[in-house]
Amino acid sequence: MSHTVVATAFGGPEVLSVIDTDVPEPGPGEVVVDFRAIGVNPIDYKLYSGAFGTDESQLPKRLGSEGAGVVSAVGPDAVGPAGPISVGDEVIAFRGVGTYASRAVQPASSIVPKPAQLDWEQAGGLLLTAATAYDALEVLGVGAGDTVLIHGAAGGVGLLAVQLARLRGATVIGTGREVNHDYLRSIGAEPTTYGDGLADRVRGLAPGGITAAFDTVGTDEAVDVSLELVADRSHIVTTAAFERAQAEGFPSIGGSNPDSTERRDAARLELVGLAGEGKLVNAVAKTFPLADVATAHSELQQPHDIGKFILVP
Ligand SMILES: NC(=O)c1ccc[n+]([C@@H]2O[C@H](COP(=O)([O-])OP(=O)(O)OC[C@H]3O[C@@H](n4cnc5c(N)ncnc54)[C@H](OP(=O)(O)O)[C@@H]3O)[C@@H](O)[C@H]2O)c1
C-alpha cells in the first residue's frame with residue numbers, strides 16, 4: 001500500500017488528494033522505491049493547472065518526477081545507470097514516475113545511488129534542477145572567460161546554474177530579490193535585482209560585457225534584457241519563455257526535446273557526485289508532510305524562501 005498524490009481534476013492545488021494505492025510487483029527493468037523525500041518543482045503544478053491542456057482521460061493524474069528513498073523490491077534485470085540495483089539501496093530517482101508517493105514502482109533507468117553524505121531532503125530535490133541547469137550551460141557552452149547573466153538566480157534551477165557556472169570558471173551575475181543577495185554572493189554570484197533598469201545595472205556589474213544569458217523565469221524583461229546584452233542569440237537559452245525563443249530565434253531547453261533528455265540523463269552521476277563532495281549545495285527552503293502537498297504547491301507559486309520545497313511521506 002502507498003499514500004499517493006493524485007490530481008483529480010484540472011485546476012488549482014485544491015484538486016490534489018492523497019489516496020491509498022496498491023503497489024504492484026516490479027516488472028522487468030523496474031524497482032520499488034520507498035520514498036523519504038520528494039522534490040517539488042513548478043512543472044508538477046503546471047501538469048494539472050491546464051497549462052499543458054486538459055485531457056480528462058489523464059485523470060486521476062499522478063505527479064512527481066524526482067525523489068530519494070530506499071529500494072524495497074527489484075524486478076528482473078533491474079540495472080540503473082550505475083549498475084545493478086538491490087533491495088536496501090539508498091537511491092535517487094530522476095526521471096522518476098509518480099514520485100509523489102510513499103512507495104512507487106520506478107524504471108530502473110531512473111535510479112542512481114544516493115551519496116551517503118547527502119541527506120534525504122537534499123538528495124530528493126537535487127536532480128531536476130541540477131540537470132536542467134547543466135543542460136542550459138551545455139547549450140550555452142559556458143566556460144572560463146564567460147560572464148553569464150542568470151535570470152532567477154535564487155530559484156531552484158538558478159541556484160544550481162550559478163554553482164555549475166562557477167565550477168566551470170565563469171563569472172556570474174544573477175537576478176533575484178534583495179533578500180536573496182547575500183546567499184547569491186555566498187555561492188559566487190554578483191547579485192542584482194530584477195525590474196526597471198535591469199540592463200543598466202547588469203552593464204555596471206559587467207563592464208566587459210555579458211557573453212551568455214540563461215533565463216529561468218520567462219518574463220519579457222528577462223528575454224528583452226538578454227537580447228539587449230548578448231549579441232549572439234545562440235548564447236541565450238530559456239527554460240520558460242518558449243514562444244519568445246521561437247519568435248526571436250534563440251534556443252529553449254526541456255519539454256520533450258530529446259537532446260535535453262539525453263544530456264540531462266548523461267549528467268546525473270556527475271551531478272550527484274559533485275553534490276556528494278559538497279561542491280554543489282542544494283539548499284532546502286521548506287519541508288512539508290506529503291498530506292500538505294496542496295499547501296506546498298500554493299506557496300511555491302508565491303514569493304518564497306530561497307531553496308527547494310520537499311515533501312516528506
Ligand atoms: N524547460 C525545462 O526543462 C524546465 C526545467 C525546470 C524548470 N523549468 C521552469 O523554469 C522556471 C523556474 O523553475 P524553478 O524550479 O527555478 O522555480 P522556483 O524555484 O520557483 O524559482 C523561480 C524564481 O524566479 C524568481 N522570480 C520571480 N519573479 C521574477 C521576475 N519577475 N524576474 C526575475 N526572477 C523572478 C524568484 O526569485 P526571487 O525569490 O529572488 O524573486 C524565484 O526564486 C519554472 O517556470 C519552471 O517550470 C523548466
# chains A, B, ... in the order shown; residues from 1 in each chain; ligands from 1
>>> residues_near_ligand(ligand="ligand 1", cutoff="6 Å", atoms="only C-alpha atoms and all ligand atoms", output="count of residues only")
26
>>> residues_around(residues="Leu274 (chain A)", least_positions_apart="3", cutoff="12 Å", atoms="only C-alpha atoms", output="list of chain:residue names")
A:Lys114, A:Pro115, A:Gln117, A:Leu118, A:Ala123, A:Leu126, A:Leu127, A:Ala130, A:Leu160, A:Gln163, A:Leu164, A:Leu167, A:Ala267, A:Arg268, A:Leu269, A:Glu270, A:Leu271, A:Glu277, A:Gly278, A:Lys279, A:Leu280, A:Val281, A:Asn282
>>> residues_around(residues="Gln106 (chain A)", least_positions_apart="2", cutoff="7 Å", atoms="only C-alpha atoms", output="list in words")
Glu30, Val31, Val32, Val33, Gly96, Val97, Ala104 and Ala108 of chain A
>>> select_by_dssp(residues="region 17-126 of chain A", states="strand (DSSP E or B)", output="ChimeraX atom specification")
/A:17-21,30-40,61-62,67-74,79-80,83-84,90-93,101,103-107,111-113
>>> select_by_dssp(residues="region 172-295 of chain A", states="helix (DSSP H, G or I)", output="number ranges by chain")
A: 178-186, 198-205, 220-229, 233-235, 242-248, 258-276, 290-295
>>> closest_residue(among="A:Thr54, A:Thr211, A:Thr287, A:Thr261", to="Gly141 (chain A)", atoms="only C-alpha atoms")
A:Thr211
